[in-house]
file protein_27.pdb (PDB, C-alpha atoms)
ATOM      1  CA  MET A   1     205.844 120.368 194.602
ATOM      2  CA  GLY A   2     202.838 118.606 196.198
ATOM      3  CA  ARG A   3     202.211 118.183 199.869
ATOM      4  CA  PRO A   4     204.941 118.087 202.476
ATOM      5  CA  ARG A   5     205.814 114.626 203.772
ATOM      6  CA  ALA A   6     203.413 113.752 206.523
ATOM      7  CA  PHE A   7     205.526 111.005 208.070
ATOM      8  CA  ASP A   8     208.797 110.403 209.870
ATOM      9  CA  GLU A   9     211.014 108.969 207.153
ATOM     10  CA  THR A  10     213.476 107.277 209.522
ATOM     11  CA  GLU A  11     210.649 105.634 211.458
ATOM     12  CA  VAL A  12     209.146 104.323 208.211
ATOM     13  CA  ILE A  13     212.531 102.979 207.083
ATOM     14  CA  ARG A  14     213.068 101.287 210.456
ATOM     15  CA  ALA A  15     209.652  99.616 210.312
ATOM     16  CA  ALA A  16     210.287  98.546 206.705
ATOM     17  CA  ALA A  17     213.615  97.003 207.764
ATOM     18  CA  GLU A  18     211.812  94.926 210.394
ATOM     19  CA  LEU A  19     209.273  93.760 207.855
ATOM     20  CA  PHE A  20     211.934  92.893 205.268
ATOM     21  CA  ALA A  21     213.953  91.074 207.968
ATOM     22  CA  SER A  22     211.003  88.863 208.792
ATOM     23  CA  ARG A  23     209.908  87.772 205.337
ATOM     24  CA  ALA A  24     211.167  87.175 201.814
ATOM     25  CA  TYR A  25     211.378  90.270 199.583
ATOM     26  CA  ASP A  26     208.758  88.910 197.183
ATOM     27  CA  GLY A  27     206.561  88.049 200.144
ATOM     28  CA  VAL A  28     206.331  91.714 201.134
ATOM     29  CA  SER A  29     203.715  93.398 198.962
ATOM     30  CA  VAL A  30     203.168  97.120 198.623
ATOM     31  CA  ASP A  31     199.852  96.489 200.412
ATOM     32  CA  ASP A  32     201.840  95.017 203.339
ATOM     33  CA  LEU A  33     204.103  98.066 203.378
ATOM     34  CA  VAL A  34     201.223 100.533 203.203
ATOM     35  CA  THR A  35     199.360  98.725 206.008
ATOM     36  CA  THR A  36     202.322  98.083 208.298
ATOM     37  CA  LEU A  37     204.048 101.432 207.841
ATOM     38  CA  GLY A  38     200.852 103.464 207.888
ATOM     39  CA  VAL A  39     201.980 105.527 204.909
ATOM     40  CA  HIS A  40     199.923 106.468 201.860
ATOM     41  CA  ARG A  41     200.868 104.511 198.777
ATOM     42  CA  ASN A  42     201.421 107.657 196.719
ATOM     43  CA  SER A  43     203.757 109.042 199.404
ATOM     44  CA  LEU A  44     205.673 105.776 199.465
ATOM     45  CA  TYR A  45     206.295 106.020 195.727
ATOM     46  CA  LYS A  46     207.027 109.728 195.880
ATOM     47  CA  VAL A  47     209.664 109.380 198.604
ATOM     48  CA  PHE A  48     211.295 106.040 197.753
ATOM     49  CA  GLY A  49     210.563 105.643 194.034
ATOM     50  CA  SER A  50     209.801 101.921 194.263
ATOM     51  CA  LYS A  51     209.624  98.951 196.613
ATOM     52  CA  ARG A  52     213.266  98.327 195.779
ATOM     53  CA  GLY A  53     214.101 101.935 196.674
ATOM     54  CA  LEU A  54     212.506 101.467 200.080
ATOM     55  CA  TYR A  55     214.233  98.093 200.507
ATOM     56  CA  LEU A  56     217.649  99.621 199.800
ATOM     57  CA  ALA A  57     216.973 102.432 202.271
ATOM     58  CA  ALA A  58     215.889  99.838 204.847
ATOM     59  CA  LEU A  59     218.934  97.644 204.231
ATOM     60  CA  ARG A  60     221.329 100.632 204.537
ATOM     61  CA  TRP A  61     219.605 101.708 207.761
ATOM     62  CA  TYR A  62     219.811  98.162 209.146
ATOM     63  CA  LEU A  63     223.498  97.751 208.306
ATOM     64  CA  ALA A  64     224.332 101.126 209.877
ATOM     65  CA  GLU A  65     222.076 100.932 212.946
ATOM     66  CA  ARG A  66     221.874  97.241 213.758
ATOM     67  CA  VAL A  67     224.940  95.511 212.286
ATOM     68  CA  SER A  68     227.578  98.230 212.599
ATOM     69  CA  PRO A  69     227.258  98.565 216.419
ATOM     70  CA  VAL A  70     227.848  94.811 216.779
ATOM     71  CA  LEU A  71     230.994  95.100 214.674
ATOM     72  CA  ALA A  72     232.169  98.246 216.445
ATOM     73  CA  GLU A  73     231.877  96.416 219.757
ATOM     74  CA  LEU A  74     233.946  93.524 218.420
ATOM     75  CA  ARG A  75     236.546  95.884 216.921
ATOM     76  CA  THR A  76     237.090  97.894 220.081
ATOM     77  CA  THR A  77     236.637  95.407 222.902
ATOM     78  CA  ALA A  78     239.668  94.733 225.098
ATOM     79  CA  ASP A  79     238.838  91.020 224.959
ATOM     80  CA  PRO A  80     238.217  90.079 221.311
ATOM     81  CA  ALA A  81     237.917  86.376 222.115
ATOM     82  CA  ALA A  82     235.063  86.992 224.560
ATOM     83  CA  GLY A  83     233.441  89.316 222.031
ATOM     84  CA  LEU A  84     233.618  86.702 219.305
ATOM     85  CA  GLN A  85     232.291  84.041 221.649
ATOM     86  CA  ALA A  86     229.371  86.278 222.539
ATOM     87  CA  LEU A  87     228.630  86.715 218.841
ATOM     88  CA  LEU A  88     228.820  82.953 218.249
ATOM     89  CA  THR A  89     226.379  82.177 221.049
ATOM     90  CA  SER A  90     224.052  85.152 220.667
ATOM     91  CA  ASP A  91     220.445  84.433 219.783
ATOM     92  CA  ARG A  92     219.739  88.053 218.891
ATOM     93  CA  ASP A  93     218.106  88.895 215.584
ATOM     94  CA  ASP A  94     220.387  91.778 214.623
ATOM     95  CA  LEU A  95     221.811  89.987 211.574
ATOM     96  CA  ASP A  96     218.521  88.732 210.116
ATOM     97  CA  LEU A  97     218.143  91.232 207.292
ATOM     98  CA  LEU A  98     221.825  90.834 206.376
ATOM     99  CA  ILE A  99     221.356  87.056 206.150
ATOM    100  CA  LEU A 100     218.199  87.372 204.053
ATOM    101  CA  ALA A 101     219.867  89.924 201.777
ATOM    102  CA  VAL A 102     222.852  87.612 201.228
ATOM    103  CA  VAL A 103     220.656  84.633 200.388
ATOM    104  CA  GLU A 104     217.908  86.308 198.463
ATOM    105  CA  ARG A 105     218.611  89.763 197.038
ATOM    106  CA  ALA A 106     222.377  89.828 196.527
ATOM    107  CA  PRO A 107     222.287  87.281 193.667
ATOM    108  CA  ALA A 108     219.557  89.315 191.924
ATOM    109  CA  ASP A 109     220.619  92.876 192.681
ATOM    110  CA  GLN A 110     224.155  94.183 192.176
ATOM    111  CA  GLU A 111     223.700  97.121 194.536
ATOM    112  CA  VAL A 112     222.625  94.778 197.329
ATOM    113  CA  ALA A 113     225.508  92.439 196.472
ATOM    114  CA  ASP A 114     228.008  95.308 196.806
ATOM    115  CA  LEU A 115     226.491  96.474 200.094
ATOM    116  CA  VAL A 116     226.531  93.066 201.768
ATOM    117  CA  ALA A 117     229.956  92.156 200.397
ATOM    118  CA  GLY A 118     231.344  95.285 202.057
ATOM    119  CA  VAL A 119     229.731  94.451 205.381
ATOM    120  CA  LEU A 120     230.860  90.824 205.261
ATOM    121  CA  ARG A 121     234.442  92.038 204.761
ATOM    122  CA  GLU A 122     233.989  94.220 207.845
ATOM    123  CA  VAL A 123     232.724  91.222 209.807
ATOM    124  CA  ASP A 124     235.776  89.220 208.666
ATOM    125  CA  ALA A 125     238.104  91.994 209.775
ATOM    126  CA  ALA A 126     236.444  92.334 213.180
ATOM    127  CA  VAL A 127     236.364  88.575 213.718
ATOM    128  CA  ALA A 128     240.023  88.231 212.704
ATOM    129  CA  ARG A 129     241.110  90.187 215.784
ATOM    130  CA  ALA A 130     240.134  87.248 217.965
ATOM    131  CA  LEU A 131     241.805  84.596 215.840
ATOM    132  CA  PRO A 132     245.361  83.306 215.597
ATOM    133  CA  ALA A 133     245.209  83.395 211.785
ATOM    134  CA  GLU A 134     243.356  85.923 209.676
ATOM    135  CA  ALA A 135     242.664  83.388 206.941
ATOM    136  CA  ILE A 136     240.145  81.546 209.142
ATOM    137  CA  ALA A 137     238.028  84.684 209.626
ATOM    138  CA  PRO A 138     235.620  84.142 206.695
ATOM    139  CA  ALA A 139     234.921  80.612 207.970
ATOM    140  CA  LEU A 140     234.076  82.002 211.421
ATOM    141  CA  THR A 141     231.883  84.681 209.816
ATOM    142  CA  ALA A 142     230.105  81.892 207.967
ATOM    143  CA  THR A 143     229.701  80.026 211.256
ATOM    144  CA  ILE A 144     228.156  83.065 212.933
ATOM    145  CA  LEU A 145     225.688  83.556 210.071
ATOM    146  CA  GLY A 146     224.969  79.811 209.851
ATOM    147  CA  LEU A 147     224.248  79.504 213.577
ATOM    148  CA  ARG A 148     221.876  82.484 213.353
ATOM    149  CA  LEU A 149     220.130  80.739 210.485
ATOM    150  CA  ARG A 150     219.718  77.611 212.587
ATOM    151  CA  ALA A 151     218.401  79.683 215.466
ATOM    152  CA  ARG A 152     215.837  81.208 213.090
ATOM    153  CA  ALA A 153     214.749  77.719 212.111
ATOM    154  CA  GLY A 154     213.789  77.046 215.721
ATOM    155  CA  GLY A 155     215.485  75.990 218.922
ATOM    156  CA  THR A 156     218.509  77.683 220.350
ATOM    157  CA  ALA A 157     221.915  77.893 218.760
ATOM    158  CA  PRO A 158     224.054  75.059 220.090
ATOM    159  CA  ASP A 159     227.360  75.856 221.765
ATOM    160  CA  ALA A 160     229.162  74.394 218.749
ATOM    161  CA  GLY A 161     230.494  77.870 217.973
ATOM    162  CA  THR A 162     232.199  78.132 221.346
ATOM    163  CA  VAL A 163     233.729  74.658 221.049
ATOM    164  CA  LEU A 164     234.988  75.474 217.550
ATOM    165  CA  LEU A 165     236.509  78.735 218.742
ATOM    166  CA  HIS A 166     238.352  76.985 221.598
ATOM    167  CA  HIS A 167     239.712  74.399 219.172
ATOM    168  CA  ILE A 168     240.965  77.088 216.821
ATOM    169  CA  GLN A 169     242.557  79.075 219.613
ATOM    170  CA  SER A 170     244.243  76.093 221.264
ATOM    171  CA  SER A 171     245.619  74.825 217.968
ATOM    172  CA  GLY A 172     246.995  78.291 217.265
ATOM    173  CA  THR A 173     246.721  78.037 213.497
TER     174      THR A 173
ATOM    175  CA  MET B   1     197.773  96.423 178.256
ATOM    176  CA  ALA B   2     201.048  98.120 177.591
ATOM    177  CA  GLN B   3     204.345  97.032 176.110
ATOM    178  CA  VAL B   4     207.152  98.469 178.202
ATOM    179  CA  GLY B   5     210.587  98.413 176.669
ATOM    180  CA  ILE B   6     213.932 100.124 176.860
ATOM    181  CA  ASP B   7     215.362 101.708 173.747
ATOM    182  CA  GLY B   8     218.846 103.032 174.443
ATOM    183  CA  ALA B   9     218.415 105.608 177.192
ATOM    184  CA  THR B  10     214.648 105.835 176.804
ATOM    185  CA  LEU B  11     211.787 103.990 178.436
ATOM    186  CA  VAL B  12     209.120 103.341 175.836
ATOM    187  CA  VAL B  13     205.558 102.577 176.903
ATOM    188  CA  GLU B  14     203.378 101.469 174.027
ATOM    189  CA  ILE B  15     199.649 101.259 174.716
ATOM    190  CA  GLU B  16     198.148  98.313 172.874
ATOM    191  CA  GLY B  17     194.918  97.725 170.996
ATOM    192  CA  MET B  18     191.690  99.381 172.046
ATOM    193  CA  ASP B  19     193.316 100.707 175.213
ATOM    194  CA  LYS B  20     194.775 103.428 172.988
ATOM    195  CA  LEU B  21     191.258 104.770 172.620
ATOM    196  CA  TRP B  22     190.306 104.384 176.270
ATOM    197  CA  ALA B  23     193.512 106.019 177.428
ATOM    198  CA  LEU B  24     193.594 108.628 174.659
ATOM    199  CA  LYS B  25     197.272 107.920 174.295
ATOM    200  CA  SER B  26     199.268 105.421 172.284
ATOM    201  CA  ARG B  27     202.868 105.927 173.281
ATOM    202  CA  LEU B  28     204.958 107.493 176.035
ATOM    203  CA  GLU B  29     208.702 108.049 175.886
ATOM    204  CA  ILE B  30     210.558 108.828 179.090
ATOM    205  CA  PRO B  31     214.306 109.404 179.393
ATOM    206  CA  LEU B  32     215.693 106.736 181.769
ATOM    207  CA  ALA B  33     217.248 109.532 183.826
ATOM    208  CA  ASN B  34     213.688 110.552 184.741
ATOM    209  CA  VAL B  35     212.656 107.048 185.805
ATOM    210  CA  ARG B  36     213.010 106.516 189.554
ATOM    211  CA  GLY B  37     211.894 102.913 189.801
ATOM    212  CA  ALA B  38     209.322 100.253 189.035
ATOM    213  CA  THR B  39     207.214  98.077 191.321
ATOM    214  CA  ALA B  40     204.772  95.243 190.737
ATOM    215  CA  ASP B  41     201.733  96.351 192.712
ATOM    216  CA  PRO B  42     198.451  94.432 192.315
ATOM    217  CA  GLY B  43     196.927  96.384 195.233
ATOM    218  CA  VAL B  44     197.342  99.769 193.551
ATOM    219  CA  ILE B  45     193.974  99.353 191.834
ATOM    220  CA  SER B  46     192.195 100.047 195.124
ATOM    221  CA  GLU B  47     193.823 103.466 195.411
ATOM    222  CA  SER B  48     191.717 106.536 194.903
ATOM    223  CA  LYS B  49     192.032 107.497 191.240
ATOM    224  CA  GLY B  50     191.347 111.154 191.908
ATOM    225  CA  ILE B  51     189.895 113.239 189.134
ATOM    226  CA  ARG B  52     189.892 111.907 185.593
ATOM    227  CA  THR B  53     191.188 114.586 183.261
ATOM    228  CA  ALA B  54     191.298 112.477 180.103
ATOM    229  CA  GLY B  55     190.362 108.894 179.458
ATOM    230  CA  THR B  56     188.086 106.206 180.824
ATOM    231  CA  HIS B  57     187.231 104.906 184.258
ATOM    232  CA  MET B  58     184.889 101.959 184.556
ATOM    233  CA  PRO B  59     185.577 100.524 188.016
ATOM    234  CA  GLY B  60     186.225  96.795 187.872
ATOM    235  CA  VAL B  61     186.657  96.925 184.105
ATOM    236  CA  ILE B  62     189.254  99.443 183.032
ATOM    237  CA  THR B  63     191.147 102.424 184.325
ATOM    238  CA  ALA B  64     192.828 104.207 181.442
ATOM    239  CA  GLY B  65     194.037 107.724 180.809
ATOM    240  CA  THR B  66     195.148 110.715 182.808
ATOM    241  CA  PHE B  67     194.056 111.203 186.406
ATOM    242  CA  ARG B  68     194.931 113.878 188.904
ATOM    243  CA  VAL B  69     195.317 113.145 192.614
ATOM    244  CA  ASP B  70     197.067 115.146 195.382
ATOM    245  CA  GLY B  71     198.270 117.623 192.771
ATOM    246  CA  GLU B  72     199.995 114.866 190.779
ATOM    247  CA  ARG B  73     199.197 113.670 187.286
ATOM    248  CA  ILE B  74     199.067 109.885 186.966
ATOM    249  CA  PHE B  75     198.742 107.842 183.798
ATOM    250  CA  TRP B  76     196.731 104.604 184.091
ATOM    251  CA  ASP B  77     196.227 101.695 181.730
ATOM    252  CA  VAL B  78     195.002  98.751 183.796
ATOM    253  CA  ARG B  79     192.315  96.134 183.226
ATOM    254  CA  ASP B  80     193.822  93.221 185.203
ATOM    255  CA  PRO B  81     195.176  94.579 188.504
ATOM    256  CA  ALA B  82     197.229  91.406 189.097
ATOM    257  CA  LYS B  83     199.562  92.599 186.340
ATOM    258  CA  ALA B  84     199.826  96.260 187.324
ATOM    259  CA  VAL B  85     203.263  97.883 187.464
ATOM    260  CA  VAL B  86     203.899 101.303 189.001
ATOM    261  CA  ILE B  87     206.648 103.321 187.296
ATOM    262  CA  GLU B  88     207.713 106.349 189.320
ATOM    263  CA  LEU B  89     209.023 109.355 187.358
ATOM    264  CA  ARG B  90     210.708 112.665 188.087
ATOM    265  CA  ASP B  91     210.538 115.963 186.189
ATOM    266  CA  GLU B  92     207.915 114.586 183.816
ATOM    267  CA  ARG B  93     204.383 115.523 182.885
ATOM    268  CA  TYR B  94     203.264 112.433 184.832
ATOM    269  CA  ALA B  95     204.383 111.750 188.398
ATOM    270  CA  ARG B  96     203.883 108.042 187.770
ATOM    271  CA  LEU B  97     202.625 105.554 185.234
ATOM    272  CA  ILE B  98     200.452 102.654 186.350
ATOM    273  CA  VAL B  99     200.222 100.188 183.498
ATOM    274  CA  GLN B 100     199.310  96.569 182.975
ATOM    275  CA  VAL B 101     202.061  94.464 181.433
ATOM    276  CA  ASP B 102     202.292  90.872 180.358
ATOM    277  CA  ASP B 103     204.929  89.852 182.915
ATOM    278  CA  PRO B 104     205.299  92.306 185.811
ATOM    279  CA  ARG B 105     208.352  90.605 187.329
ATOM    280  CA  THR B 106     210.313  90.730 184.065
ATOM    281  CA  THR B 107     209.285  94.322 183.346
ATOM    282  CA  VAL B 108     210.223  95.518 186.846
ATOM    283  CA  GLY B 109     213.575  93.719 186.640
ATOM    284  CA  ALA B 110     214.359  95.188 183.209
ATOM    285  CA  ILE B 111     213.532  98.752 184.295
ATOM    286  CA  GLU B 112     215.431  98.516 187.588
ATOM    287  CA  ARG B 113     218.483  97.084 185.820
ATOM    288  CA  ALA B 114     218.363  99.736 183.097
ATOM    289  CA  ILE B 115     218.148 102.692 185.472
ATOM    290  CA  HIS B 116     220.875 101.413 187.777
ATOM    291  CA  ALA B 117     223.222 100.303 185.028
TER     292      ALA B 117
END
call {"tool": "encode", "arguments": {"input": "protein_27.pdb", "output": "structure tokens"}}
result
Amino acid sequence: MGRPRAFDETEVIRAAAELFASRAYDGVSVDDLVTTLGVHRNSLYKVFGSKRGLYLAALRWYLAERVSPVLAELRTTADPAAGLQALLTSDRDDLDLLILAVVERAPADQEVADLVAGVLREVDAAVARALPAEAIAPALTATILGLRLRARAGGTAPDAGTVLLHHIQSSGT
Amino acid sequence: MAQVGIDGATLVVEIEGMDKLWALKSRLEIPLANVRGATADPGVISESKGIRTAGTHMPGVITAGTFRVDGERIFWDVRDPAKAVVIELRDERYARLIVQVDDPRTTVGAIERAIHA
């Protein structure tokens, strides 16, 4: 059965998620993975099967460990409006891999498409709690993701999200 | 160079031309159920090849045939590392195949789609 695994699998997956969140999928070579993760190439193939196998493991880890807590907070907070506002104005990077996956891998990989579609529905549901009408939720989700994208492109996210939220809430539609 | 294709539920790797001689093998057939994934990996050429058990190893020119490293058997057929694809297997004679193909991106996509269909 070969040698036992000489590395912490979760730690490797976490580091891979950071790498994949920072750069396009095609821009991450196996050399990059081997160097950054400090894992032997043969072990990488033996454990994950392929670069895609490692990417999927990293994406699942990221959705569970980085994205899910944000959603859980929004789902359970006593003040959903404040929670949503915090999400709209946050400059954190805890949605980066989700955004990249949506743009880049989902159109090319059905398994990624299914994963991110499920999470986006969860975002919609969590966001809807703070809104007068559930139908607007996907638009607010899009705003959250779009503002994060703009933050990635440099500068800070403007307070447009907050203004939009106040408009929606005061109009009550 | 190798032609990698999918025939029903089987991955077929056909070694082309003179490489058949260097690799001492002309064709491999692997059930798709035993294929774990495929990756374009130009850097794999710098890996230690281990011990050659059958075939040819002229560094910088050709790596072809059966090599053994870390207790695993690996099949190589690579002249141009830029076009190397690593195909990871399970429950097979070879732990992985490292072969040169014409279009790595297309080959990787076809294998990944076939095994996850």
call {"tool": "interface_residues", "arguments": {"input": "protein_27.pdb", "of": "chain B", "to": "chain A", "cutoff": "7 Å", "atoms": "only C-alpha atoms", "output": "list in words"}}
result
Arg36, Gly37, Ala38, Thr39, Asp41, Gly43, Asp70, Gly71 and Glu88 of chain B
call {"tool": "atom_distance", "arguments": {"input": "protein_27.pdb", "atom1": "atom CA of B:Pro81", "atom2": "atom CA of B:Gly60"}}
result
9.2 Å
call {"tool": "atom_distance", "arguments": {"input": "protein_27.pdb", "atom1": "atom CA of B:Phe67", "atom2": "atom CA of B:Ile30"}}
result
18.2 Å
call {"tool": "atom_distance", "arguments": {"input": "protein_27.pdb", "atom1": "atom CA of A:Ala21", "atom2": "atom CA of A:Ile99"}}
result
8.6 Å
call {"tool": "resolve_selection", "arguments": {"input": "protein_27.pdb", "expression": "the PyMOL selection byres ((chain B and resi 108) around 12)", "output": "PDB file with C-alpha atoms, in the frame of the given file"}}
result
ATOM      1  CA  SER A  50     209.801 101.921 194.263  1.00  0.00           C
ATOM      2  CA  LYS A  51     209.624  98.951 196.613  1.00  0.00           C
ATOM      3  CA  ARG A  52     213.266  98.327 195.779  1.00  0.00           C
TER       4      ARG A  52
ATOM      5  CA  VAL B   4     207.152  98.469 178.202  1.00  0.00           C
ATOM      6  CA  GLY B   5     210.587  98.413 176.669  1.00  0.00           C
ATOM      7  CA  ILE B   6     213.932 100.124 176.860  1.00  0.00           C
ATOM      8  CA  VAL B  35     212.656 107.048 185.805  1.00  0.00           C
ATOM      9  CA  ARG B  36     213.010 106.516 189.554  1.00  0.00           C
ATOM     10  CA  GLY B  37     211.894 102.913 189.801  1.00  0.00           C
ATOM     11  CA  ALA B  38     209.322 100.253 189.035  1.00  0.00           C
ATOM     12  CA  THR B  39     207.214  98.077 191.321  1.00  0.00           C
ATOM     13  CA  ALA B  40     204.772  95.243 190.737  1.00  0.00           C
ATOM     14  CA  ASP B  41     201.733  96.351 192.712  1.00  0.00           C
ATOM     15  CA  LYS B  83     199.562  92.599 186.340  1.00  0.00           C
ATOM     16  CA  ALA B  84     199.826  96.260 187.324  1.00  0.00           C
ATOM     17  CA  VAL B  85     203.263  97.883 187.464  1.00  0.00           C
ATOM     18  CA  VAL B  86     203.899 101.303 189.001  1.00  0.00           C
ATOM     19  CA  ILE B  87     206.648 103.321 187.296  1.00  0.00           C
ATOM     20  CA  GLU B  88     207.713 106.349 189.320  1.00  0.00           C
ATOM     21  CA  VAL B  99     200.222 100.188 183.498  1.00  0.00           C
ATOM     22  CA  GLN B 100     199.310  96.569 182.975  1.00  0.00           C
ATOM     23  CA  VAL B 101     202.061  94.464 181.433  1.00  0.00           C
ATOM     24  CA  ASP B 102     202.292  90.872 180.358  1.00  0.00           C
ATOM     25  CA  ASP B 103     204.929  89.852 182.915  1.00  0.00           C
ATOM     26  CA  PRO B 104     205.299  92.306 185.811  1.00  0.00           C
ATOM     27  CA  ARG B 105     208.352  90.605 187.329  1.00  0.00           C
ATOM     28  CA  THR B 106     210.313  90.730 184.065  1.00  0.00           C
ATOM     29  CA  THR B 107     209.285  94.322 183.346  1.00  0.00           C
ATOM     30  CA  GLY B 109     213.575  93.719 186.640  1.00  0.00           C
ATOM     31  CA  ALA B 110     214.359  95.188 183.209  1.00  0.00           C
ATOM     32  CA  ILE B 111     213.532  98.752 184.295  1.00  0.00           C
ATOM     33  CA  GLU B 112     215.431  98.516 187.588  1.00  0.00           C
ATOM     34  CA  ARG B 113     218.483  97.084 185.820  1.00  0.00           C
ATOM     35  CA  ALA B 114     218.363  99.736 183.097  1.00  0.00           C
ATOM     36  CA  ILE B 115     218.148 102.692 185.472  1.00  0.00           C
TER      37      ILE B 115
END
call {"tool": "closest_residue", "arguments": {"input": "protein_27.pdb", "among": "A:Ala15, A:Tyr25, A:Asp91, A:Leu71", "to": "A:Ala153", "atoms": "all atoms listed in the file"}}
result
A:Asp91
call {"tool": "resolve_selection", "arguments": {"input": "protein_27.pdb", "expression": "the PyMOL selection byres ((chain B and resi 49) around 9)", "output": "PyMOL selection string"}}
result
chain B and resi 45-48+50-52+57+63+67-69+74
